[in-house]
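Asker: This is data_8.cif, which holds mmCIF, C-alpha atoms and all ligand atoms:
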```cif
data_structure
loop_
_atom_site.label_atom_id
_atom_site.label_comp_id
_atom_site.auth_asym_id
_atom_site.auth_seq_id
_atom_site.Cartn_x
_atom_site.Cartn_y
_atom_site.Cartn_z
CA MET A 15 -12.26 -3.69 2.47
CA ALA A 16 -8.95 -2.89 4.20
CA GLY A 17 -7.24 -3.15 0.82
CA LEU A 18 -9.52 -0.44 -0.54
CA LEU A 19 -8.96 1.85 2.44
CA HIS A 20 -5.30 1.27 3.25
CA ASN A 21 -4.09 4.49 1.59
CA ILE A 22 -6.99 6.69 2.72
CA GLY A 23 -4.46 8.79 4.66
CA GLU A 24 -2.53 9.45 1.46
CA LEU A 25 -5.69 10.63 -0.29
CA PHE A 26 -6.40 12.93 2.65
CA LEU A 27 -2.90 14.40 2.52
CA ILE A 28 -2.97 14.88 -1.25
CA PHE A 29 -6.37 16.59 -1.05
CA PHE A 30 -5.74 18.84 1.94
CA PHE A 31 -1.96 19.33 1.75
CA SER A 32 -1.18 19.26 -1.96
CA GLY A 33 1.71 21.74 -1.73
CA PRO A 34 3.60 19.96 1.05
CA MET A 35 2.89 16.62 -0.65
CA GLN A 36 4.71 17.85 -3.75
CA GLU A 37 7.69 18.52 -1.49
CA VAL A 38 7.26 15.02 -0.01
CA ARG A 39 7.45 13.48 -3.50
CA SER A 40 10.52 15.58 -4.32
CA VAL A 41 12.33 14.46 -1.13
CA GLN A 42 11.24 10.87 -1.76
CA ARG A 43 12.81 10.92 -5.23
CA GLN A 44 15.96 12.78 -4.19
CA GLN A 45 16.70 10.54 -1.21
CA SER A 46 15.25 7.30 -2.66
CA ILE A 47 13.21 6.70 0.48
CA PRO A 48 9.69 5.30 0.89
CA ASP A 49 6.78 7.73 0.78
CA TYR A 50 5.96 7.25 4.46
CA GLU A 51 9.49 8.22 5.49
CA ALA A 52 9.42 11.37 3.36
CA GLU A 53 6.00 12.26 4.81
CA GLN A 54 7.38 11.86 8.32
CA VAL A 55 10.27 14.22 7.48
CA ILE A 56 8.21 16.91 5.72
CA LEU A 57 4.80 16.67 7.40
CA GLY A 58 5.68 15.13 10.76
CA ALA A 59 3.33 12.18 10.20
CA PRO A 60 3.09 9.47 7.56
CA HIS A 61 -0.05 8.69 5.58
CA THR A 62 -0.32 5.45 7.52
CA LEU A 63 -0.87 7.30 10.80
CA VAL A 64 -3.24 9.78 9.18
CA GLY A 65 -5.19 6.84 7.76
CA GLN A 66 -5.41 5.18 11.14
CA TRP A 67 -6.75 8.43 12.59
CA ILE A 68 -9.43 8.54 9.86
CA ALA A 69 -10.37 4.91 10.58
CA LEU A 70 -10.76 5.74 14.26
CA HIS A 71 -12.70 8.91 13.43
CA TRP A 72 -15.05 6.90 11.21
CA ASN A 73 -15.48 4.26 13.94
CA LEU A 74 -14.32 1.50 11.63
CA PRO A 75 -13.83 -1.90 13.29
CA PRO A 76 -10.45 -2.25 15.08
CA VAL A 77 -9.16 -4.65 12.41
CA PHE A 78 -8.74 -1.63 10.12
CA ASP A 79 -6.35 0.09 12.57
CA ALA A 80 -3.44 -2.27 11.99
CA ALA A 81 -4.24 -2.90 8.32
CA ILE A 82 -4.09 0.83 7.57
CA GLU A 83 -1.40 1.94 10.03
CA GLN A 84 0.97 -0.99 9.37
CA HIS A 85 0.47 -1.77 5.68
CA HIS A 86 4.07 -0.81 4.91
CA ARG A 87 5.59 -2.43 8.02
CA PRO A 88 3.31 -5.08 9.55
CA ASP A 89 3.92 -5.73 13.24
CA PRO A 90 3.80 -9.46 14.13
CA ASP A 91 2.87 -8.51 17.70
CA ASP A 92 -0.27 -6.68 16.58
CA ASP A 93 -3.33 -7.67 14.51
CA TYR A 94 -0.99 -9.14 11.94
CA PHE A 95 -2.93 -10.93 9.21
CA PRO A 96 -4.86 -7.91 7.84
CA ALA A 97 -1.71 -5.77 7.73
CA ALA A 98 0.36 -8.58 6.18
CA ALA A 99 -2.30 -9.30 3.56
CA VAL A 100 -2.64 -5.63 2.60
CA HIS A 101 1.15 -5.26 2.53
CA ALA A 102 1.56 -8.22 0.16
CA ALA A 103 -1.36 -7.18 -2.04
CA GLY A 104 0.04 -3.66 -2.28
CA ILE A 105 3.23 -5.06 -3.76
CA LEU A 106 1.66 -7.74 -5.95
CA CYS A 107 -0.98 -5.38 -7.34
CA ASN A 108 0.97 -2.17 -7.84
CA PRO A 109 -0.20 -0.90 -11.23
CA GLU A 110 2.61 1.68 -11.35
CA ALA A 111 5.42 -0.89 -11.09
CA ASP A 112 6.85 -2.31 -14.27
CA GLU A 113 7.81 -5.99 -14.19
CA GLU A 114 11.45 -5.34 -13.23
CA GLU A 115 10.52 -2.93 -10.44
CA TRP A 116 7.88 -5.35 -9.23
CA ARG A 117 10.35 -8.29 -9.11
CA ASP A 118 12.82 -6.15 -7.15
CA THR A 119 10.29 -5.07 -4.51
CA PRO A 120 10.53 -7.50 -1.62
CA PHE A 121 7.86 -8.19 0.93
CA ASP A 122 8.69 -7.22 4.48
CA ALA A 123 10.78 -10.17 5.77
CA SER A 124 8.22 -11.13 8.40
CA VAL A 125 5.46 -11.13 5.78
CA GLU A 126 7.54 -13.28 3.45
CA ALA A 127 7.96 -15.88 6.20
CA TYR A 128 4.38 -15.60 7.42
CA LEU A 129 2.73 -16.07 4.03
CA GLY A 130 5.26 -18.63 2.85
CA LEU A 131 4.97 -17.62 -0.78
CA SER A 132 7.59 -18.99 -3.14
CA LYS A 133 8.95 -16.95 -6.04
CA GLU A 134 6.77 -19.04 -8.32
CA ASP A 135 3.70 -18.25 -6.16
CA ARG A 136 4.52 -14.57 -6.39
CA ARG A 137 4.93 -14.78 -10.17
CA THR A 138 1.64 -16.67 -10.54
CA LEU A 139 -0.21 -14.12 -8.38
CA ARG A 140 1.32 -11.23 -10.34
CA GLU A 141 0.39 -12.80 -13.69
CA ARG A 142 -3.16 -13.32 -12.42
CA TYR A 143 -3.32 -9.69 -11.31
CA VAL A 144 -2.07 -8.40 -14.68
CA SER A 145 -4.56 -10.61 -16.51
CA ASP A 146 -7.49 -9.59 -14.27
CA LEU A 147 -6.54 -5.92 -14.59
CA ALA A 148 -6.57 -6.23 -18.39
CA SER A 149 -10.00 -7.92 -18.21
CA ALA A 150 -11.33 -5.19 -15.95
CA GLU A 151 -10.01 -2.49 -18.28
CA ALA A 152 -11.62 -4.21 -21.27
CA PHE A 153 -14.91 -4.50 -19.38
CA LEU A 154 -14.91 -0.87 -18.32
CA ASN A 155 -14.15 0.31 -21.86
CA LEU A 156 -17.18 -1.52 -23.26
CA SER A 157 -19.54 0.82 -25.02
CA VAL A 158 -23.27 0.17 -24.86
FE FE B 201 0.75 3.32 1.71
#
```
Just dump the structure as structure tokens.
Answerer:
Amino acid sequence: MAGLLHNIGELFLIFFFSGPMQEVRSVQRQQSIPDYEAEQVILGAPHTLVGQWIALHWNLPPVFDAAIEQHHRPDPDDDYFPAAAVHAAGILCNPEADEEEWRDTPFDASVEAYLGLSKEDRRTLRERYVSDLASAEAFLNLSV
């Protein structure tokens, strides 16, 4: 569930602040910085913090706080596993990344150590994701 909701703050920002979010994307590209850093510069708050606020507003269980707020930078001193799992899944299952970009995107160092995934594990998980995504697309394109 946290994996489905982790970027809820980004959806909120895109929907309610589409103009400033275009500037965020422009700054992100120009400076080659992560989206959350560009959001902090342009909007004064990253989508992770906005998402945490939404989770609190919706009275979601506390486990969602860290998973949403820390999915880009999990904090080992906080509720770590949900944030680490969402962080890793976000990298392994990024449909926008081509294979080279995906291979070059590292996990946060603490997540790498915590999960203990080898390069082969990562490759196997990525291949499984690509295969499952293709199956899902084929299923959804079925005509009845
Ligand atoms: Fe995010």
Asker: If you count all atoms listed in the file, which residues fall within 10 Å of A:Phe26, apart from same-chain ones fewer than 4 positions away, as a CSV table (one decimal) with C-alpha atoms, keeping the file's coordinate frame?
Answerer:
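To be explicit, this is the file written out as around27.csv:
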```
chain,number,residue,atom,x,y,z
A,21,ASN,CA,-4.1,4.5,1.6
A,22,ILE,CA,-7.0,6.7,2.7
A,30,PHE,CA,-5.7,18.8,1.9
A,31,PHE,CA,-2.0,19.3,1.8
A,32,SER,CA,-1.2,19.3,-2.0
A,61,HIS,CA,0.0,8.7,5.6
A,64,VAL,CA,-3.2,9.8,9.2
A,65,GLY,CA,-5.2,6.8,7.8
A,68,ILE,CA,-9.4,8.5,9.9
```
Asker: May I ask you to write as a PDB file with C-alpha atoms, in the frame of the given file all residues lying at most 10 Å from ligand FE 201 (chain B), with only C-alpha atoms and all ligand atoms counted?
Answerer:
```
ATOM      1  CA  LEU A  19      -8.960   1.850   2.440  1.00  0.00           C
ATOM      2  CA  HIS A  20      -5.300   1.270   3.250  1.00  0.00           C
ATOM      3  CA  ASN A  21      -4.090   4.490   1.590  1.00  0.00           C
ATOM      4  CA  ILE A  22      -6.990   6.690   2.720  1.00  0.00           C
ATOM      5  CA  GLY A  23      -4.460   8.790   4.660  1.00  0.00           C
ATOM      6  CA  GLU A  24      -2.530   9.450   1.460  1.00  0.00           C
ATOM      7  CA  LEU A  25      -5.690  10.630  -0.290  1.00  0.00           C
ATOM      8  CA  PRO A  48       9.690   5.300   0.890  1.00  0.00           C
ATOM      9  CA  ASP A  49       6.780   7.730   0.780  1.00  0.00           C
ATOM     10  CA  TYR A  50       5.960   7.250   4.460  1.00  0.00           C
ATOM     11  CA  PRO A  60       3.090   9.470   7.560  1.00  0.00           C
ATOM     12  CA  HIS A  61      -0.050   8.690   5.580  1.00  0.00           C
ATOM     13  CA  THR A  62      -0.320   5.450   7.520  1.00  0.00           C
ATOM     14  CA  GLY A  65      -5.190   6.840   7.760  1.00  0.00           C
ATOM     15  CA  ILE A  82      -4.090   0.830   7.570  1.00  0.00           C
ATOM     16  CA  GLU A  83      -1.400   1.940  10.030  1.00  0.00           C
ATOM     17  CA  GLN A  84       0.970  -0.990   9.370  1.00  0.00           C
ATOM     18  CA  HIS A  85       0.470  -1.770   5.680  1.00  0.00           C
ATOM     19  CA  HIS A  86       4.070  -0.810   4.910  1.00  0.00           C
ATOM     20  CA  ARG A  87       5.590  -2.430   8.020  1.00  0.00           C
ATOM     21  CA  VAL A 100      -2.640  -5.630   2.600  1.00  0.00           C
ATOM     22  CA  HIS A 101       1.150  -5.260   2.530  1.00  0.00           C
ATOM     23  CA  GLY A 104       0.040  -3.660  -2.280  1.00  0.00           C
TER      24      GLY A 104
END
```
Asker: Ranking A:Val77, A:Ala148, A:Leu57, A:Ala123 by minimum distance to A:Pro34 and counting all atoms listed in the file, which one comes first?
Answerer: A:Leu57
Asker: Which one of A:Leu129, A:Pro76, A:Glu134, A:Ile47 sits closest to A:Arg117 if you count all atoms listed in the file?
Answerer: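 So, comparing all the options, the nearest one is A:Glu134.
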Asker: Which is closer to A:Pro88 than all the others in A:Asn108, A:Ser124, A:Gln66, A:Thr119, using all atoms listed in the file?
Answerer: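 Selected residue with least distance to A:Pro88: A:Ser124.
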Asker: To one decimal in Å, tell me the separation between atom CA of A:Ser145 and atom CA of A:Asp122.
Answerer: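 Atom-to-atom, atom CA of A:Ser145 and atom CA of A:Asp122 are spaced 25.1 Å apart.
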Asker: Counting all atoms listed in the file, figure out which residue out of A:Gln54, A:Gly130, A:Ala99, A:Arg136 gets nearest to A:Trp116.
Answerer: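 Among the listed residues, the smallest separation from A:Trp116 belongs to A:Arg136.
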Asker: Just how far from atom CA of A:Trp72 is atom CA of A:Phe121, in Å to one decimal?
Answerer: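 Taking atom CA of A:Phe121 as the start and atom CA of A:Trp72 as the end point, the length is 29.3 Å.
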Asker: Please, what distance in Å, to one decimal, runs between atom CA of A:Phe78 and atom CA of A:Tyr94?
Answerer: 10.9 Å
Asker: What lies within 10 Å of A:Cys107 using all atoms listed in the file, ignoring chain neighbours under 4 positions off, as a PyMOL selection string?
Answerer: chain A and resi 102-103+111+116+139-144+147
Asker: Using only C-alpha atoms, please write the residues we just selected to a file, as a JSON list (two decimals), keeping the file's coordinate frame.
Answerer:
```
[["chain", "number", "residue", "atom", "x", "y", "z"],
["A", 102, "ALA", "CA", 1.56, -8.22, 0.16],
["A", 103, "ALA", "CA", -1.36, -7.18, -2.04],
["A", 111, "ALA", "CA", 5.42, -0.89, -11.09],
["A", 116, "TRP", "CA", 7.88, -5.35, -9.23],
["A", 139, "LEU", "CA", -0.21, -14.12, -8.38],
["A", 140, "ARG", "CA", 1.32, -11.23, -10.34],
["A", 141, "GLU", "CA", 0.39, -12.80, -13.69],
["A", 142, "ARG", "CA", -3.16, -13.32, -12.42],
["A", 143, "TYR", "CA", -3.32, -9.69, -11.31],
["A", 144, "VAL", "CA", -2.07, -8.40, -14.68],
["A", 147, "LEU", "CA", -6.54, -5.92, -14.59]]
```
Asker: When you look at A:Ser40 with a cut-off of 9 Å (counting only C-alpha atoms), what residues show up, excluding the ones that are within fewer than 5 positions of it in the same chain? I need them as a PyMOL selection string.
Answerer: chain A and resi 35+45+52
Asker: Mind rebuilding stretch 17-31 of chain A with N, CA and C atoms and writing that out as a compact mmCIF listing (two decimals), keeping the file's coordinate frame?
Answerer:
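Dumped everything to part29.txt:
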```txt
# COMPACT_ATOMS: atom_id res chain seq x y z
N GLY A 17 -8.05 -3.42 2.00
CA GLY A 17 -7.24 -3.15 0.82
C GLY A 17 -7.71 -1.88 0.09
N LEU A 18 -9.00 -1.65 0.11
CA LEU A 18 -9.52 -0.44 -0.54
C LEU A 18 -9.19 0.82 0.25
N LEU A 19 -9.13 0.68 1.57
CA LEU A 19 -8.96 1.85 2.44
C LEU A 19 -7.53 2.08 2.91
N HIS A 20 -6.61 1.18 2.60
CA HIS A 20 -5.30 1.27 3.25
C HIS A 20 -4.55 2.56 2.99
N ASN A 21 -4.77 3.22 1.87
CA ASN A 21 -4.09 4.49 1.59
C ASN A 21 -5.01 5.69 1.72
N ILE A 22 -6.06 5.56 2.53
CA ILE A 22 -6.99 6.69 2.72
C ILE A 22 -6.26 7.90 3.30
N GLY A 23 -5.25 7.67 4.11
CA GLY A 23 -4.46 8.79 4.66
C GLY A 23 -3.71 9.53 3.57
N GLU A 24 -3.23 8.81 2.56
CA GLU A 24 -2.53 9.45 1.46
C GLU A 24 -3.49 10.33 0.66
N LEU A 25 -4.69 9.82 0.42
CA LEU A 25 -5.69 10.63 -0.29
C LEU A 25 -6.00 11.90 0.48
N PHE A 26 -6.13 11.77 1.79
CA PHE A 26 -6.40 12.93 2.65
C PHE A 26 -5.28 13.96 2.51
N LEU A 27 -4.05 13.49 2.60
CA LEU A 27 -2.90 14.40 2.52
C LEU A 27 -2.81 15.07 1.15
N ILE A 28 -3.03 14.31 0.09
CA ILE A 28 -2.97 14.88 -1.25
C ILE A 28 -4.06 15.94 -1.42
N PHE A 29 -5.24 15.66 -0.89
CA PHE A 29 -6.37 16.59 -1.05
C PHE A 29 -6.19 17.85 -0.22
N PHE A 30 -5.79 17.69 1.04
CA PHE A 30 -5.74 18.84 1.94
C PHE A 30 -4.36 19.48 2.06
N PHE A 31 -3.31 18.80 1.64
CA PHE A 31 -1.96 19.33 1.75
C PHE A 31 -1.20 19.11 0.44
```
